[in-house]
Amino acid sequence: MKDLGSLDVVFAGDLNDYSKGYSRLKAMYGLGVPVRAATQTPIEGGEGGFARASLAFRVAWKLGFHLDTEGINSWLIDQARQKVPDVIWIEKGNMVRPSTLRRLKNICPGAVLVSYTDDDMFNPVNRSVWYRRGLKEYDLIFTTKSYNANPDELPAMGAKKVIMVDKAYDPDHHHPIELMVEESDQLSCDVGFIGSFEAPRAADMDYLAGEGIPVRVWGNGWSGYRPGSGNLAIENRALVNSGGNPLYSKGICASRINLAFLRKANRDLQTDRSIEIPACGGFMLAEWSEEHERLFEEDREAVFFRAREELVEKCRYYLSHEDERSAIARAGYERCIRDGYGQPARMKFMLEILLTEIS
């Protein structure tokens, strides 16, 4: 039987240095796995945390198609022809045509064809026509959305095998950082949120601010939002770990309390932030979910809220109890390290599953 060091993997994903796909690729390299990789998305600066889309791309997406701007379909075929891989790993794969997946299976029938996704792919807004039609061609789907593995979701759409895996942090990016004085001046706050706009989270933070607790927000999509309270400061810029400057992690470290909301449109039970905040040594006040409670012991490794009133109450309490807040942040960080919440451990878990699938 093969081991990790003898696996031959073809990897297609977003390879911008701020992306989760690049983090997973680095984890493969760190595990000693030989990987041939190509990016699905343009390599651009990380100021916004995503690659800009052309008008043609946006129009095609509205019609349900993800343009293959980087030629990933032909690259996958070329790689399979040059050397038959053991694993073909495709991050999500909205731009990969079903015909490409079928050709890959013809060229290398013994290879395991895998799709990994952080999004809710049962939700039509997250998937292309090609993803929907090609889903049945994959041997295995890894997802961070546990409900996508339910029989009436991706399996009902044709997925052969769906395995849930928890979110992860990148050890290169997410760790405690001692800020310089000028960095602290620029980023510090009592209560902070780093993330994109969504109406429910905006309403919760506006309520919190209206109760007299200052909140500072960093992220994309907030420019059109007008808060009702002057205590809610919208910075209208993203904080991204890119180009050797871990601004996102610094923002976490500069916040006395880091809010972690679950995106309702994605039916989130955990998010990237759920793991990254504790991994940076930050104090996390998160929306309660069964998965949050499984990942972190409540009131010892993280703090959860179930309603706006509880959010206000816990912000007030922990802003005035420094020692308790610091102890919880430290325990959350130690849980991340002790229980292997980093990308290397997550990737090892998935690759060991794939080893059993190779024919």
# chains A, B, ... in the order shown; residues from 1 in each chain; ligands from 1
call {"tool": "select_by_dssp", "arguments": {"residues": "segment 39-197 of chain A", "states": "alpha helix (DSSP H)", "output": "count of residues only"}}
result
42
call {"tool": "closest_atom_pairs", "arguments": {"of": "segment 77-174 of chain A", "to": "segment 272-280 of chain A", "cutoff": "7 Å", "atoms": "only C-alpha atoms", "output": "JSON lines"}}
result
{"residue": "A:Lys167", "atom": "CA", "partner": "A:Asp272", "partner_atom": "CA", "distance": 5.8}
{"residue": "A:Ala168", "atom": "CA", "partner": "A:Ile275", "partner_atom": "CA", "distance": 6.0}
{"residue": "A:Tyr169", "atom": "CA", "partner": "A:Glu276", "partner_atom": "CA", "distance": 5.2}
{"residue": "A:His174", "atom": "CA", "partner": "A:Cys280", "partner_atom": "CA", "distance": 5.0}
call {"tool": "select_by_dssp", "arguments": {"residues": "segment 9-87 of chain A", "states": "strand (DSSP E)", "output": "list of chain:residue names"}}
result
A:Val9, A:Val10, A:Phe11, A:Ala12, A:Gly13, A:Val35, A:Arg36, A:Ala37, A:Ala38, A:Thr39, A:Val87
call {"tool": "write_last_selection", "arguments": {"atoms": "N, CA and C atoms", "output": "PDB file, in the first residue's frame"}}
result
ATOM      1  N   VAL A   9       0.027  13.561  -6.620  1.00  0.00           N
ATOM      2  CA  VAL A   9      -1.198  14.348  -6.553  1.00  0.00           C
ATOM      3  C   VAL A   9      -1.156  15.478  -7.582  1.00  0.00           C
ATOM      4  N   VAL A  10      -2.226  15.612  -8.314  1.00  0.00           N
ATOM      5  CA  VAL A  10      -2.455  16.774  -9.178  1.00  0.00           C
ATOM      6  C   VAL A  10      -3.455  17.664  -8.447  1.00  0.00           C
ATOM      7  N   PHE A  11      -3.094  18.935  -8.252  1.00  0.00           N
ATOM      8  CA  PHE A  11      -3.862  19.847  -7.398  1.00  0.00           C
ATOM      9  C   PHE A  11      -4.255  21.084  -8.183  1.00  0.00           C
ATOM     10  N   ALA A  12      -5.556  21.386  -8.227  1.00  0.00           N
ATOM     11  CA  ALA A  12      -6.049  22.595  -8.876  1.00  0.00           C
ATOM     12  C   ALA A  12      -6.835  23.410  -7.863  1.00  0.00           C
ATOM     13  N   GLY A  13      -6.380  24.631  -7.597  1.00  0.00           N
ATOM     14  CA  GLY A  13      -7.061  25.463  -6.601  1.00  0.00           C
ATOM     15  C   GLY A  13      -6.614  26.905  -6.708  1.00  0.00           C
ATOM     16  N   VAL A  35       3.410  16.951  -5.299  1.00  0.00           N
ATOM     17  CA  VAL A  35       2.222  17.595  -5.838  1.00  0.00           C
ATOM     18  C   VAL A  35       2.569  18.394  -7.085  1.00  0.00           C
ATOM     19  N   ARG A  36       1.731  18.247  -8.109  1.00  0.00           N
ATOM     20  CA  ARG A  36       1.782  19.132  -9.286  1.00  0.00           C
ATOM     21  C   ARG A  36       0.581  20.058  -9.179  1.00  0.00           C
ATOM     22  N   ALA A  37       0.828  21.373  -9.116  1.00  0.00           N
ATOM     23  CA  ALA A  37      -0.250  22.306  -8.796  1.00  0.00           C
ATOM     24  C   ALA A  37      -0.375  23.416  -9.829  1.00  0.00           C
ATOM     25  N   ALA A  38      -1.603  23.893  -9.990  1.00  0.00           N
ATOM     26  CA  ALA A  38      -1.881  25.053 -10.840  1.00  0.00           C
ATOM     27  C   ALA A  38      -3.029  25.837 -10.225  1.00  0.00           C
ATOM     28  N   THR A  39      -3.048  27.136 -10.471  1.00  0.00           N
ATOM     29  CA  THR A  39      -4.090  27.984  -9.907  1.00  0.00           C
ATOM     30  C   THR A  39      -5.315  28.043 -10.809  1.00  0.00           C
ATOM     31  N   VAL A  87      -4.040  10.783  -7.213  1.00  0.00           N
ATOM     32  CA  VAL A  87      -5.136  11.632  -6.745  1.00  0.00           C
ATOM     33  C   VAL A  87      -5.216  12.872  -7.621  1.00  0.00           C
TER      34      VAL A  87
END
call {"tool": "closest_atom_pairs", "arguments": {"of": "segment 256-345 of chain A", "to": "segment 144-153 of chain A", "cutoff": "10 Å", "atoms": "only C-alpha atoms", "output": "tab-separated table"}}
result
residue	atom	partner	partner_atom	distance
A:Asn266	CA	A:Lys145	CA	8.7
A:Arg267	CA	A:Lys145	CA	8.2
A:Asp268	CA	A:Lys145	CA	7.2
A:Leu269	CA	A:Lys145	CA	7.6
A:Gln270	CA	A:Lys145	CA	8.2
A:Thr271	CA	A:Thr144	CA	8.6
A:Asp272	CA	A:Thr144	CA	9.7
A:Glu291	CA	A:Ser146	CA	9.3
call {"tool": "write_last_selection", "arguments": {"atoms": "N, CA and C atoms", "output": "JSON list (two decimals), in the first residue's frame"}}
result
[["chain", "number", "residue", "atom", "x", "y", "z"],
["A", 266, "ASN", "N", -25.08, 30.65, 4.15],
["A", 266, "ASN", "CA", -24.30, 29.43, 3.98],
["A", 266, "ASN", "C", -24.70, 28.35, 4.99],
["A", 267, "ARG", "N", -25.72, 28.66, 5.81],
["A", 267, "ARG", "CA", -26.17, 27.72, 6.85],
["A", 267, "ARG", "C", -25.00, 27.27, 7.73],
["A", 268, "ASP", "N", -24.11, 28.20, 8.03],
["A", 268, "ASP", "CA", -22.89, 27.86, 8.77],
["A", 268, "ASP", "C", -23.18, 27.30, 10.15],
["A", 269, "LEU", "N", -22.40, 26.30, 10.51],
["A", 269, "LEU", "CA", -22.33, 25.80, 11.88],
["A", 269, "LEU", "C", -20.93, 26.05, 12.46],
["A", 270, "GLN", "N", -19.98, 26.35, 11.57],
["A", 270, "GLN", "CA", -18.64, 26.81, 11.92],
["A", 270, "GLN", "C", -18.11, 27.56, 10.71],
["A", 271, "THR", "N", -17.14, 28.44, 10.93],
["A", 271, "THR", "CA", -16.55, 29.21, 9.84],
["A", 271, "THR", "C", -15.03, 29.16, 9.97],
["A", 272, "ASP", "N", -14.33, 29.70, 8.97],
["A", 272, "ASP", "CA", -12.87, 29.82, 9.08],
["A", 272, "ASP", "C", -12.50, 30.57, 10.36],
["A", 291, "GLU", "N", -21.64, 22.52, 16.53],
["A", 291, "GLU", "CA", -20.25, 22.31, 16.09],
["A", 291, "GLU", "C", -19.28, 23.21, 16.84]]
call {"tool": "residues_around", "arguments": {"residues": "Thr143 of chain A", "least_positions_apart": "5", "cutoff": "7 Å", "atoms": "only C-alpha atoms", "output": "list of chain:residue names"}}
result
A:Tyr116, A:Thr117, A:Asp118, A:Ile163, A:Met164, A:Val165
call {"tool": "write_last_selection", "arguments": {"atoms": "C-alpha atoms", "output": "PDB file, in the first residue's frame"}}
result
ATOM      1  CA  TYR A 116     -12.917  19.868  -1.714  1.00  0.00           C
ATOM      2  CA  THR A 117     -15.206  22.749  -0.802  1.00  0.00           C
ATOM      3  CA  ASP A 118     -15.637  25.205   2.066  1.00  0.00           C
ATOM      4  CA  ILE A 163     -17.082  13.288   4.021  1.00  0.00           C
ATOM      5  CA  MET A 164     -17.238  16.233   6.389  1.00  0.00           C
ATOM      6  CA  VAL A 165     -14.031  17.759   7.728  1.00  0.00           C
TER       7      VAL A 165
END
call {"tool": "atom_distance", "arguments": {"atom1": "atom CA of Trp130 of chain A", "atom2": "atom CA of Arg97 of chain A"}}
result
5.3 Å
call {"tool": "residues_around", "arguments": {"residues": "Pro42 of chain A", "least_positions_apart": "5", "cutoff": "10 Å", "atoms": "only C-alpha atoms", "output": "ChimeraX atom specification"}}
result
/A:14-16,50-53,69-70
call {"tool": "residues_around", "arguments": {"residues": "Ala307 of chain A", "least_positions_apart": "3", "cutoff": "9 Å", "atoms": "only C-alpha atoms", "output": "ChimeraX atom specification"}}
result
/A:204,287,310-312
call {"tool": "write_last_selection", "arguments": {"atoms": "N, CA and C atoms", "output": "PDB file, in the first residue's frame"}}
result
ATOM      1  N   ASP A 204     -27.098  42.717  14.368  1.00  0.00           N
ATOM      2  CA  ASP A 204     -26.651  42.338  15.712  1.00  0.00           C
ATOM      3  C   ASP A 204     -25.603  43.311  16.235  1.00  0.00           C
ATOM      4  N   GLU A 287     -21.392  32.969  17.830  1.00  0.00           N
ATOM      5  CA  GLU A 287     -22.746  32.430  17.857  1.00  0.00           C
ATOM      6  C   GLU A 287     -22.689  30.952  18.234  1.00  0.00           C
ATOM      7  N   GLU A 310     -27.859  38.383  25.108  1.00  0.00           N
ATOM      8  CA  GLU A 310     -26.722  37.648  25.672  1.00  0.00           C
ATOM      9  C   GLU A 310     -25.412  38.163  25.100  1.00  0.00           C
ATOM     10  N   LEU A 311     -25.412  38.561  23.833  1.00  0.00           N
ATOM     11  CA  LEU A 311     -24.223  39.154  23.213  1.00  0.00           C
ATOM     12  C   LEU A 311     -23.807  40.407  23.968  1.00  0.00           C
ATOM     13  N   VAL A 312     -24.770  41.281  24.273  1.00  0.00           N
ATOM     14  CA  VAL A 312     -24.472  42.501  25.021  1.00  0.00           C
ATOM     15  C   VAL A 312     -23.958  42.176  26.416  1.00  0.00           C
TER      16      VAL A 312
END
call {"tool": "residues_around", "arguments": {"residues": "Ala159 of chain A", "least_positions_apart": "2", "cutoff": "8 Å", "atoms": "only C-alpha atoms", "output": "ChimeraX atom specification"}}
result
/A:135-141,154-157,161-162
call {"tool": "write_last_selection", "arguments": {"atoms": "N, CA and C atoms", "output": "compact mmCIF listing (two decimals), in the first residue's frame"}}
result
# COMPACT_ATOMS: atom_id res chain seq x y z
N LEU A 135 -20.95 16.57 -10.63
CA LEU A 135 -20.83 16.07 -9.27
C LEU A 135 -20.74 14.55 -9.21
N LYS A 136 -21.50 13.87 -10.04
CA LYS A 136 -21.53 12.40 -10.01
C LYS A 136 -20.23 11.77 -10.50
N GLU A 137 -19.37 12.56 -11.15
CA GLU A 137 -18.11 12.02 -11.67
C GLU A 137 -17.04 11.89 -10.60
N TYR A 138 -17.18 12.64 -9.51
CA TYR A 138 -16.17 12.60 -8.45
C TYR A 138 -16.30 11.32 -7.63
N ASP A 139 -15.15 10.79 -7.23
CA ASP A 139 -15.16 9.62 -6.35
C ASP A 139 -15.47 10.02 -4.91
N LEU A 140 -15.09 11.25 -4.54
CA LEU A 140 -15.24 11.65 -3.15
C LEU A 140 -15.33 13.17 -3.08
N ILE A 141 -16.21 13.64 -2.20
CA ILE A 141 -16.35 15.07 -1.92
C ILE A 141 -15.99 15.31 -0.46
N LEU A 154 -26.04 16.55 -1.05
CA LEU A 154 -25.16 16.22 -2.17
C LEU A 154 -25.32 14.78 -2.66
N PRO A 155 -25.50 13.79 -1.76
CA PRO A 155 -25.74 12.44 -2.28
C PRO A 155 -26.99 12.36 -3.16
N ALA A 156 -28.01 13.12 -2.83
CA ALA A 156 -29.23 13.10 -3.65
C ALA A 156 -29.00 13.76 -5.01
N MET A 157 -27.95 14.58 -5.12
CA MET A 157 -27.60 15.21 -6.39
C MET A 157 -26.65 14.35 -7.21
N LYS A 161 -19.74 9.79 -2.58
CA LYS A 161 -19.27 9.70 -1.20
C LYS A 161 -18.94 11.11 -0.72
N VAL A 162 -19.52 11.50 0.41
CA VAL A 162 -19.31 12.84 0.96
C VAL A 162 -18.81 12.70 2.38
call {"tool": "residues_around", "arguments": {"residues": "segment 233-238 of chain A", "least_positions_apart": "4", "cutoff": "8 Å", "atoms": "only C-alpha atoms", "output": "VMD selection string"}}
result
chain A and resid 47 to 49 194 to 195 214 to 223
call {"tool": "write_last_selection", "arguments": {"atoms": "N, CA and C atoms", "output": "short mmCIF file (atom, residue, chain, number, x, y, z; two decimals), in the first residue's frame"}}
result
data_model
loop_
_atom_site.label_atom_id
_atom_site.label_comp_id
_atom_site.auth_asym_id
_atom_site.auth_seq_id
_atom_site.Cartn_x
_atom_site.Cartn_y
_atom_site.Cartn_z
N GLU A 47 -5.16 42.66 -1.23
CA GLU A 47 -5.78 43.76 -0.49
C GLU A 47 -7.24 43.46 -0.13
N GLY A 48 -7.97 42.85 -1.07
CA GLY A 48 -9.37 42.56 -0.80
C GLY A 48 -9.63 41.13 -0.39
N GLY A 49 -8.64 40.26 -0.53
CA GLY A 49 -8.82 38.87 -0.16
C GLY A 49 -9.50 38.03 -1.23
N ILE A 194 -14.09 40.92 11.88
CA ILE A 194 -13.41 40.92 10.58
C ILE A 194 -14.17 39.96 9.68
N GLY A 195 -14.84 40.49 8.67
CA GLY A 195 -15.62 39.63 7.79
C GLY A 195 -16.52 40.46 6.88
N PRO A 214 -18.69 50.05 21.91
CA PRO A 214 -18.08 50.36 20.60
C PRO A 214 -17.64 49.09 19.87
N VAL A 215 -17.96 49.04 18.58
CA VAL A 215 -17.62 47.89 17.74
C VAL A 215 -16.92 48.40 16.49
N ARG A 216 -15.87 47.72 16.10
CA ARG A 216 -15.11 48.09 14.90
C ARG A 216 -15.18 46.95 13.89
N VAL A 217 -15.52 47.27 12.64
CA VAL A 217 -15.75 46.26 11.61
C VAL A 217 -14.80 46.45 10.44
N TRP A 218 -14.15 45.35 10.05
CA TRP A 218 -13.29 45.34 8.88
C TRP A 218 -13.82 44.28 7.91
N GLY A 219 -13.83 44.59 6.62
CA GLY A 219 -14.25 43.56 5.68
C GLY A 219 -14.83 44.13 4.40
N ASN A 220 -15.21 43.23 3.50
CA ASN A 220 -15.75 43.61 2.20
C ASN A 220 -17.27 43.73 2.25
N GLY A 221 -17.81 44.58 1.37
CA GLY A 221 -19.24 44.67 1.18
C GLY A 221 -19.99 45.58 2.13
N TRP A 222 -19.27 46.36 2.95
CA TRP A 222 -19.92 47.21 3.94
C TRP A 222 -20.16 48.64 3.45
N SER A 223 -19.69 48.99 2.27
CA SER A 223 -19.73 50.39 1.84
C SER A 223 -21.14 50.95 1.74
#
call {"tool": "closest_residue", "arguments": {"among": "A:Leu232, A:Ala302, A:Leu179, A:Leu354", "to": "Asn245 of chain A", "atoms": "only C-alpha atoms"}}
result
A:Leu179
call {"tool": "closest_residue", "arguments": {"among": "A:Ser249, A:Asn73, A:Asn258, A:Ser54", "to": "Asp170 of chain A", "atoms": "only C-alpha atoms"}}
result
A:Ser249
call {"tool": "atom_distance", "arguments": {"atom1": "atom CA of Phe305 of chain A", "atom2": "atom CA of Ala331 of chain A"}}
result
18.3 Å
call {"tool": "closest_residue", "arguments": {"among": "A:Glu211, A:Asp120, A:Asp206, A:Glu178", "to": "Gly228 of chain A", "atoms": "only C-alpha atoms"}}
result
A:Asp206
call {"tool": "decode", "arguments": {"residues": "segment 100-129 of chain A", "atoms": "N, CA and C atoms", "output": "mmCIF file, in the first residue's frame"}}
result
data_model
loop_
_atom_site.group_PDB
_atom_site.id
_atom_site.type_symbol
_atom_site.label_atom_id
_atom_site.label_comp_id
_atom_site.auth_asym_id
_atom_site.auth_seq_id
_atom_site.Cartn_x
_atom_site.Cartn_y
_atom_site.Cartn_z
ATOM 1 N N THR A 100 -14.456 17.141 -18.933
ATOM 2 C CA THR A 100 -13.072 17.036 -18.451
ATOM 3 C C THR A 100 -12.955 15.943 -17.406
ATOM 4 N N LEU A 101 -13.902 15.889 -16.492
ATOM 5 C CA LEU A 101 -13.872 14.860 -15.453
ATOM 6 C C LEU A 101 -13.979 13.464 -16.063
ATOM 7 N N ARG A 102 -14.829 13.312 -17.072
ATOM 8 C CA ARG A 102 -14.967 12.002 -17.723
ATOM 9 C C ARG A 102 -13.693 11.620 -18.462
ATOM 10 N N ARG A 103 -13.053 12.577 -19.115
ATOM 11 C CA ARG A 103 -11.789 12.287 -19.810
ATOM 12 C C ARG A 103 -10.706 11.891 -18.823
ATOM 13 N N LEU A 104 -10.674 12.557 -17.668
ATOM 14 C CA LEU A 104 -9.694 12.203 -16.640
ATOM 15 C C LEU A 104 -9.892 10.762 -16.174
ATOM 16 N N LYS A 105 -11.130 10.351 -16.007
ATOM 17 C CA LYS A 105 -11.404 8.982 -15.576
ATOM 18 C C LYS A 105 -11.021 7.967 -16.655
ATOM 19 N N ASN A 106 -11.129 8.371 -17.907
ATOM 20 C CA ASN A 106 -10.718 7.481 -19.002
ATOM 21 C C ASN A 106 -9.206 7.358 -19.078
ATOM 22 N N ILE A 107 -8.499 8.459 -18.875
ATOM 23 C CA ILE A 107 -7.037 8.461 -18.959
ATOM 24 C C ILE A 107 -6.422 7.724 -17.775
ATOM 25 N N CYS A 108 -6.962 7.962 -16.590
ATOM 26 C CA CYS A 108 -6.389 7.348 -15.376
ATOM 27 C C CYS A 108 -7.516 6.806 -14.497
ATOM 28 N N PRO A 109 -8.090 5.670 -14.885
ATOM 29 C CA PRO A 109 -9.240 5.116 -14.165
ATOM 30 C C PRO A 109 -8.945 4.731 -12.721
ATOM 31 N N GLY A 110 -7.670 4.517 -12.388
ATOM 32 C CA GLY A 110 -7.329 4.144 -11.010
ATOM 33 C C GLY A 110 -7.144 5.324 -10.082
ATOM 34 N N ALA A 111 -7.104 6.539 -10.634
ATOM 35 C CA ALA A 111 -6.911 7.727 -9.805
ATOM 36 C C ALA A 111 -8.186 8.069 -9.047
ATOM 37 N N VAL A 112 -8.026 8.640 -7.863
ATOM 38 C CA VAL A 112 -9.166 9.098 -7.076
ATOM 39 C C VAL A 112 -9.433 10.557 -7.442
ATOM 40 N N LEU A 113 -10.630 10.834 -7.879
ATOM 41 C CA LEU A 113 -11.027 12.177 -8.300
ATOM 42 C C LEU A 113 -11.776 12.827 -7.138
ATOM 43 N N VAL A 114 -11.217 13.937 -6.615
ATOM 44 C CA VAL A 114 -11.699 14.538 -5.373
ATOM 45 C C VAL A 114 -12.076 15.999 -5.586
ATOM 46 N N SER A 115 -13.164 16.410 -4.964
ATOM 47 C CA SER A 115 -13.499 17.833 -4.869
ATOM 48 C C SER A 115 -13.530 18.215 -3.400
ATOM 49 N N TYR A 116 -12.876 19.326 -3.081
ATOM 50 C CA TYR A 116 -12.917 19.868 -1.714
ATOM 51 C C TYR A 116 -13.620 21.215 -1.764
ATOM 52 N N THR A 117 -14.535 21.454 -0.832
ATOM 53 C CA THR A 117 -15.206 22.749 -0.802
ATOM 54 C C THR A 117 -15.461 23.234 0.613
ATOM 55 N N ASP A 118 -15.299 24.547 0.806
ATOM 56 C CA ASP A 118 -15.637 25.205 2.066
ATOM 57 C C ASP A 118 -17.047 25.785 2.028
ATOM 58 N N ASP A 119 -17.696 25.751 0.877
ATOM 59 C CA ASP A 119 -19.004 26.377 0.724
ATOM 60 C C ASP A 119 -20.134 25.357 0.770
ATOM 61 N N ASP A 120 -21.342 25.868 0.982
ATOM 62 C CA ASP A 120 -22.549 25.059 0.961
ATOM 63 C C ASP A 120 -22.931 24.819 -0.494
ATOM 64 N N MET A 121 -22.537 23.675 -1.036
ATOM 65 C CA MET A 121 -22.744 23.410 -2.464
ATOM 66 C C MET A 121 -24.151 22.885 -2.771
ATOM 67 N N PHE A 122 -24.960 22.696 -1.750
ATOM 68 C CA PHE A 122 -26.366 22.387 -2.007
ATOM 69 C C PHE A 122 -27.135 23.665 -2.350
ATOM 70 N N ASN A 123 -26.578 24.788 -1.956
ATOM 71 C CA ASN A 123 -27.163 26.093 -2.261
ATOM 72 C C ASN A 123 -26.804 26.470 -3.699
ATOM 73 N N PRO A 124 -27.793 26.667 -4.574
ATOM 74 C CA PRO A 124 -27.509 26.946 -5.989
ATOM 75 C C PRO A 124 -26.632 28.168 -6.231
ATOM 76 N N VAL A 125 -26.627 29.138 -5.307
ATOM 77 C CA VAL A 125 -25.828 30.345 -5.536
ATOM 78 C C VAL A 125 -24.337 30.058 -5.476
ATOM 79 N N ASN A 126 -23.945 28.938 -4.890
ATOM 80 C CA ASN A 126 -22.526 28.612 -4.742
ATOM 81 C C ASN A 126 -21.992 27.691 -5.833
ATOM 82 N N ARG A 127 -22.855 27.176 -6.685
ATOM 83 C CA ARG A 127 -22.401 26.180 -7.659
ATOM 84 C C ARG A 127 -22.760 26.604 -9.084
ATOM 85 N N SER A 128 -21.915 26.165 -9.999
ATOM 86 C CA SER A 128 -22.164 26.411 -11.420
ATOM 87 C C SER A 128 -22.957 25.258 -12.024
ATOM 88 N N VAL A 129 -23.410 25.462 -13.243
ATOM 89 C CA VAL A 129 -24.056 24.381 -13.990
ATOM 90 C C VAL A 129 -23.093 23.218 -14.149
#
